[in-house]
Each structure stands twice: as structure tokens, then as C-alpha cells.
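Trainee: File model_28.txt below, compact mmCIF, C-alpha atoms:
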# COMPACT_ATOMS: atom_id res chain seq x y z
CA MET A 1 25.30 23.76 -17.86
CA LYS A 2 27.26 22.24 -15.00
CA ARG A 3 28.48 18.72 -15.69
CA MET A 4 27.86 15.94 -13.19
CA GLY A 5 30.88 14.99 -11.12
CA THR A 6 32.42 11.53 -11.02
CA ARG A 7 30.75 10.66 -7.70
CA THR A 8 27.33 11.78 -8.96
CA ARG A 9 27.65 9.74 -12.16
CA ARG A 10 28.84 6.71 -10.19
CA THR A 11 25.96 6.96 -7.70
CA LEU A 12 23.42 7.49 -10.48
CA GLY A 13 24.77 4.49 -12.37
CA ALA A 14 24.70 2.37 -9.23
CA ALA A 15 21.08 3.35 -8.64
CA LEU A 16 20.19 2.19 -12.15
CA VAL A 17 22.04 -1.08 -11.61
CA ALA A 18 20.27 -1.59 -8.28
CA ALA A 19 16.88 -0.97 -9.84
CA ALA A 20 17.58 -3.28 -12.78
CA ALA A 21 18.84 -6.04 -10.49
CA LEU A 22 15.71 -5.99 -8.37
CA PHE A 23 13.43 -7.55 -10.95
CA ALA A 24 13.42 -9.26 -14.31
CA PRO A 25 10.97 -8.32 -17.07
CA GLY A 26 7.56 -9.92 -16.72
CA ALA A 27 3.90 -9.23 -17.26
CA TRP A 28 1.52 -8.80 -14.36
CA ALA A 29 -0.98 -11.62 -14.28
CA GLU A 30 -3.74 -9.50 -12.76
CA GLU A 31 -4.28 -5.93 -11.66
CA PRO A 32 -4.55 -5.36 -7.88
CA ARG A 33 -8.04 -4.75 -6.54
CA VAL A 34 -9.80 -4.19 -3.21
CA THR A 35 -13.22 -5.28 -2.01
CA CYS A 36 -15.09 -4.62 1.21
CA THR A 37 -18.26 -5.46 3.08
CA ALA A 38 -19.77 -3.35 5.85
CA THR A 39 -22.69 -3.93 8.19
CA LEU A 40 -24.64 -1.76 10.62
CA SER A 41 -25.79 -2.99 14.02
CA GLY A 42 -27.38 -0.30 16.18
CA ARG A 43 -24.83 2.52 16.17
CA ARG A 44 -21.89 0.24 15.30
CA VAL A 45 -20.46 -0.05 11.78
CA LEU A 46 -18.15 -3.01 11.08
CA ALA A 47 -16.05 -3.02 7.88
CA ARG A 48 -14.14 -5.98 6.44
CA SER A 49 -11.83 -5.57 3.45
CA GLU A 50 -9.69 -7.82 1.26
CA ALA A 51 -6.82 -7.08 -1.13
CA PHE A 52 -6.28 -9.23 -4.21
CA SER A 53 -3.25 -9.72 -6.49
CA PHE A 54 -1.06 -7.10 -4.80
CA LEU A 55 2.15 -9.12 -5.11
CA SER A 56 3.28 -8.94 -8.73
CA ALA A 57 6.02 -11.31 -9.89
CA GLU A 58 8.65 -8.63 -9.17
CA LEU A 59 7.39 -7.81 -5.67
CA ASP A 60 6.91 -11.50 -4.86
CA ARG A 61 10.57 -12.08 -5.75
CA LEU A 62 11.66 -9.28 -3.41
CA VAL A 63 9.55 -10.59 -0.51
CA ARG A 64 10.93 -14.10 -1.01
CA LEU A 65 14.45 -12.62 -0.88
CA GLY A 66 13.69 -11.36 2.63
CA MET A 67 12.28 -7.85 2.15
CA ALA A 68 9.06 -7.12 4.05
CA GLY A 69 6.08 -5.55 2.32
CA LYS A 70 4.22 -2.78 4.13
CA LEU A 71 0.49 -2.52 3.47
CA GLU A 72 -0.88 0.94 4.17
CA VAL A 73 -4.66 0.77 4.52
CA GLU A 74 -6.96 3.78 4.81
CA LEU A 75 -10.70 3.38 5.42
CA THR A 76 -13.17 6.25 5.36
CA LEU A 77 -16.82 6.16 6.40
CA TRP A 78 -19.05 8.53 4.42
CA LYS A 79 -22.67 9.59 4.61
CA ARG A 80 -24.14 9.75 1.12
CA ARG A 81 -25.94 13.00 0.30
CA ALA A 82 -28.13 13.36 -2.76
CA LEU A 83 -27.25 16.22 -5.13
CA TRP A 84 -24.34 17.28 -2.90
CA PHE A 85 -20.92 16.18 -1.68
CA ASN A 86 -20.80 13.18 0.64
CA THR A 87 -20.09 13.95 4.31
CA ARG A 88 -17.13 12.32 6.03
CA VAL A 89 -18.22 10.58 9.23
CA ASP A 90 -15.05 8.82 10.44
CA GLY A 91 -11.85 7.18 9.27
CA ALA A 92 -9.04 4.80 10.20
CA ARG A 93 -5.47 4.08 9.08
CA LEU A 94 -3.80 0.69 9.41
CA THR A 95 -0.33 -0.64 8.64
CA GLN A 96 0.15 -4.37 8.10
CA VAL A 97 3.29 -6.26 7.15
CA ILE A 98 3.58 -9.19 4.75
CA ALA A 99 6.72 -11.31 4.92
CA PHE A 100 8.06 -14.67 3.75
CA THR A 101 9.51 -17.12 6.30
CA ARG A 102 10.41 -20.79 6.44
CA GLU A 103 6.76 -21.48 7.25
CA GLY A 104 5.59 -19.55 4.19
CA TYR A 105 3.88 -16.19 3.81
CA MET A 106 2.83 -14.26 6.91
CA LEU A 107 0.57 -11.23 7.34
CA ASP A 108 1.32 -9.56 10.68
CA GLY A 109 2.66 -12.92 11.86
CA ARG A 110 -0.50 -14.75 10.78
CA PRO A 111 0.13 -17.64 8.33
CA LEU A 112 -1.31 -17.40 4.82
CA PRO A 113 -1.72 -21.09 3.87
CA GLU A 114 -3.31 -20.19 0.52
CA GLY A 115 -0.52 -17.77 -0.36
CA PRO A 116 -0.56 -13.98 -0.77
CA ALA A 117 -3.02 -13.74 -3.68
CA THR A 118 -5.86 -12.90 -1.26
CA LEU A 119 -5.10 -10.80 1.82
CA GLU A 120 -7.79 -10.54 4.47
CA LEU A 121 -7.10 -7.20 6.14
CA ASP A 122 -7.85 -6.21 9.73
CA ARG A 123 -11.46 -5.35 10.49
CA VAL A 124 -12.38 -1.82 11.49
CA ALA A 125 -15.32 -0.79 13.68
CA TRP A 126 -16.80 2.66 14.24
CA THR A 127 -19.44 3.78 16.73
CA LEU A 128 -21.81 6.44 15.41
CA GLU A 129 -23.07 9.29 17.56
CA ALA A 130 -26.64 8.34 16.67
CA ARG A 131 -28.38 5.64 14.68
CA PRO A 132 -28.88 6.58 11.00
CA GLU A 133 -32.31 7.85 10.13
CA ASP A 134 -34.54 5.96 7.75
CA GLY A 135 -33.32 6.47 4.20
CA GLU A 136 -29.79 7.54 5.18
CA ARG A 137 -27.05 5.67 3.32
CA LEU A 138 -23.51 5.10 4.55
CA ILE A 139 -20.59 3.97 2.39
CA VAL A 140 -17.05 2.81 3.16
CA GLN A 141 -14.09 3.80 0.97
CA VAL A 142 -10.96 1.61 1.18
CA GLU A 143 -7.54 2.55 -0.20
CA VAL A 144 -4.62 0.11 -0.03
CA LYS A 145 -0.99 0.64 -1.01
CA LEU A 146 1.78 -1.96 -0.84
CA ASN A 147 5.39 -0.79 -0.54
CA VAL A 148 8.23 -3.31 -0.65
CA VAL A 149 11.08 -1.05 -1.76
CA THR A 150 11.51 2.57 -0.70
CA ALA A 151 13.69 5.32 -2.12
CA ALA A 152 15.80 5.13 1.05
CA SER A 153 16.43 1.39 0.67
CA LEU A 154 17.31 1.84 -3.01
CA GLY A 155 19.69 4.62 -2.01
CA ARG A 156 21.42 2.36 0.52
CA MET A 157 21.73 -0.35 -2.13
CA ALA A 158 23.16 2.15 -4.63
CA SER A 159 25.68 3.36 -2.02
CA TRP A 160 26.72 -0.21 -1.32
CA LEU A 161 27.16 -1.01 -5.00
CA SER A 162 29.22 2.12 -5.59
CA ARG A 163 31.17 1.60 -2.33
CA THR A 164 30.10 5.01 -1.06
CA GLU A 165 28.07 3.81 1.90
CA GLY A 166 27.90 6.44 4.60
CA THR A 167 27.63 9.34 2.18
CA GLY A 168 24.97 11.77 3.40
CA ALA A 169 21.75 12.33 1.53
CA THR A 170 22.82 15.91 0.85
CA ASP A 171 25.66 14.61 -1.33
CA ARG A 172 23.26 12.76 -3.61
CA SER A 173 22.23 14.71 -6.68
CA THR A 174 18.65 15.86 -7.19
CA LEU A 175 18.51 13.76 -10.33
CA THR A 176 19.53 10.61 -8.45
CA GLY A 177 16.99 11.26 -5.69
CA THR A 178 14.22 11.73 -8.24
CA LEU A 179 15.23 8.51 -9.98
CA LEU A 180 15.14 6.54 -6.72
CA ARG A 181 11.69 7.88 -5.82
CA THR A 182 10.40 7.04 -9.31
CA VAL A 183 11.75 3.48 -9.18
CA ALA A 184 10.35 2.98 -5.67
CA GLU A 185 6.93 4.17 -6.85
CA ASP A 186 7.08 1.75 -9.78
CA LEU A 187 7.78 -1.06 -7.30
CA SER A 188 4.57 -0.40 -5.34
CA GLN A 189 0.97 -1.45 -5.84
CA LYS A 190 -2.21 0.40 -4.97
CA ALA A 191 -5.94 0.04 -5.47
CA SER A 192 -9.17 1.28 -3.96
CA GLY A 193 -12.73 0.10 -3.54
CA ARG A 194 -15.97 0.99 -1.82
CA CYS A 195 -19.08 -0.66 -0.48
CA ASP A 196 -22.46 0.31 0.94
CA VAL A 197 -23.09 -0.26 4.63
CA ALA A 198 -25.77 -2.93 4.83
CA PRO A 199 -28.59 -2.18 7.30
CA PRO A 200 -29.42 -4.74 10.00
CA THR A 201 -31.60 -7.63 8.87
Here is a file; write its structure as C-alpha cells.

Mentor:
Amino acid sequence: MKRMGTRTRRTLGAALVAAAALFAPGAWAEEPRVTCTATLSGRRVLARSEAFSFLSAELDRLVRLGMAGKLEVELTLWKRRALWFNTRVDGARLTQVIAFTREGYMLDGRPLPEGPATLELDRVAWTLEARPEDGERLIVQVEVKLNVVTAASLGRMASWLSRTEGTGATDRSTLTGTLLRTVAEDLSQKASGRCDVAPPT
């Protein structure tokens, strides 16, 4: 078996140091979760969603240090079908950014006076081709993922710590790349939720 070279061992060690320096041990106070509400008015469906407890103690520390958190939101509108697979009607993808400034937490530049525990996400509206028939049920599926640290940013930090900044990605070992992706995944949060589309009252 081929032994790792000095540069590979140094980069791998720096990646471990970078990952360990990013956060101190701590228990998550609450698991992340997502809720939504959706209403139907004529042919228009309006969905509102909220994300709760997405900033763990570790991610909160990173955001306060100046790193921005990217919220990737995917909403899917489904038509429920009895005894068969649901039918996809429409969908939408959003990207929102949470950051910490002198004024406090911001979501897409909008102040969060109550802090980041509850994030009110952008609303999404769809226009149906036709009004649902009596008895038809629509549901909205929401998936949210928060990324604060990426494998690329960890790689840059590892290069800086090992004083090998500027080294191409092709020079990094497969083992190191896998480690960086694993650590980046551990430093992310994700959750999903769904809700029925309420008919007009």
C-alpha cells in the first residue's frame, strides 16, 4: 500500500485542526424542524413556511464570527391521489442568507429582532391551470437545509493553516477531500415538513 506523502499528511492534519477549531463540544438544545401553512384562493395557492432551531450552538458561533449561513429551501406542490402515488403539480427553489451584523441577525438583509430561533421564510405562490375539483386535496412539501461551512471553505482554511494556500484541488488526496465533505455535512442542518392546502372559507 502506498504511504501518504509529507504534504498529504500535513494537509490532512490541518483539515482536522481546522474542523476541531470550528466548534467546541456541546449538545443541541433542540432538533431543527419546519412548518408550513398553505391556502387556496381561486386558482392561486399561497404557501408560507417557517424554520425553527436551525442554528445549533456550533453554527451560531460560526455566524457570529462572520460566516454567512445559506438556507436552501425547496417547496413542492402535490396533488394527493388515493391508493396511488401523489402527482407533482409545481415546485420552487429559494436561497436565503442569514448573517450577523452590528445590528444583530439578518435574514436577506431583514432584521431578526427576536433572534434566529424562528426564521420566517419567503412566501411562494403558484397559479394552477384550473381550480381543483370538489374532493381534490393538495399538499405542500417543504425541505430546508442550512449550510454555514462548505468543503471548499474548510479546504481553504486547511491550506492556510498548513501554509500551502494556492495548491490546486488535484493535489489534495482523496482521503482529505472525503474528510472535508464529511465535516461540512456535519456542520449543516436540515429538516422537512408538509401541510395540506386549506380550501377557501

Trainee: Show me the residues close to (-25.0, -4.2, 7.5) - anything with an atom within 10 Å, counting all atoms listed in the file - and format the list as number ranges by chain.

Mentor: A: 37-42, 44-47, 138, 196-201

Trainee: Write out, as a CSV table (one decimal), in the coordinates of the input, the residues just selected, with C-alpha atoms.

Mentor:
chain,number,residue,atom,x,y,z
A,37,THR,CA,-18.3,-5.5,3.1
A,38,ALA,CA,-19.8,-3.4,5.8
A,39,THR,CA,-22.7,-3.9,8.2
A,40,LEU,CA,-24.6,-1.8,10.6
A,41,SER,CA,-25.8,-3.0,14.0
A,42,GLY,CA,-27.4,-0.3,16.2
A,44,ARG,CA,-21.9,0.2,15.3
A,45,VAL,CA,-20.5,0.0,11.8
A,46,LEU,CA,-18.2,-3.0,11.1
A,47,ALA,CA,-16.0,-3.0,7.9
A,138,LEU,CA,-23.5,5.1,4.6
A,196,ASP,CA,-22.5,0.3,0.9
A,197,VAL,CA,-23.1,-0.3,4.6
A,198,ALA,CA,-25.8,-2.9,4.8
A,199,PRO,CA,-28.6,-2.2,7.3
A,200,PRO,CA,-29.4,-4.7,10.0
A,201,THR,CA,-31.6,-7.6,8.9

Trainee: Around (-15.9, 12.1, 12.1), as given in the file, which residues come within 9 Å? Count all atoms listed in the file and list them as a PyMOL selection string.

Mentor: chain A and resi 77+88-91+128

Trainee: Of the candidates A:Asn86, A:Ala92, A:Gly135, A:Lys190, which one gets nearest to Glu31 in chain A if we count all atoms listed in the file?

Mentor: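 Answer, going by the shortest atom-to-atom distance: A:Lys190.
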
Trainee: Would you mind reading off the distance between CA of Gly104 in chain A and CA of Asp122 in chain A, one decimal, in Å?

Mentor: 19.7 Å

Trainee: Just the number, please: distance in Å from CA of Leu59 in chain A to CA of Gly115 in chain A, one decimal.

Mentor: 13.8 Å

Trainee: Using all atoms listed in the file, find the one residue out of A:Leu55, A:Ala191, A:Leu112, A:Leu62 that sits nearest to Glu74 in chain A.

Mentor: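 Among the listed residues, the smallest separation from Glu74 in chain A belongs to A:Ala191.
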
Trainee: Between CA of Arg110 in chain A and CA of Val63 in chain A, what is the distance in Å, rounded to a tenth?

Mentor: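 Computing it gives 15.7 Å between the two atoms.
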
Trainee: Given 6 Å on each side, where is the centre and what are the edge lengths in Å to one decimal of the axis-aligned box enclosing the listed atoms of range 131-146 of chain A, as AutoDock Vina command-line options?

Mentor:
--center_x -16.4 --center_y 2.9 --center_z 6.8 --size_x 48.3 --size_y 21.8 --size_z 27.7

Trainee: With distances taken over only C-alpha atoms, which of A:Arg33, A:Arg102, A:Arg61, A:Arg93 is nearest to Val124 in chain A?

Mentor: A:Arg93

Trainee: When you look at Pro111 in chain A with a cut-off of 10 Å (counting all atoms listed in the file), what residues show up, excluding the ones that are within fewer than 6 positions of it in the same chain? I need them as a list of chain:residue names.

Mentor: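 What passes the distance filter is A:Ile98, A:Ala99, A:Phe100, A:Thr101, A:Glu103, A:Gly104, A:Tyr105.
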
Trainee: Of the candidates A:Glu30, A:Glu129, A:Asp60, A:Glu72, which shows the shortest atom-to-atom distance to Val142 in chain A, using only C-alpha atoms?

Mentor: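 Closest to Val142 in chain A, using only C-alpha atoms: A:Glu72.
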
Trainee: Leaving out Asn147 in chain A and any residue of its chain fewer than 5 positions from it, which residues lie within 8 Å of it when counting only C-alpha atoms, given as a list in words?

Mentor: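 Near Asn147 in chain A, the qualifying residues are Gly69, Lys70, Leu71, Leu187, Ser188 and Gln189 of chain A.
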
Trainee: Of the candidates A:Phe52, A:Trp84, A:Trp78, A:Trp126, which shows the shortest atom-to-atom distance to Ile139 in chain A, using all atoms listed in the file?

Mentor: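 That would be A:Trp78, the residue with the smallest distance to Ile139 in chain A.
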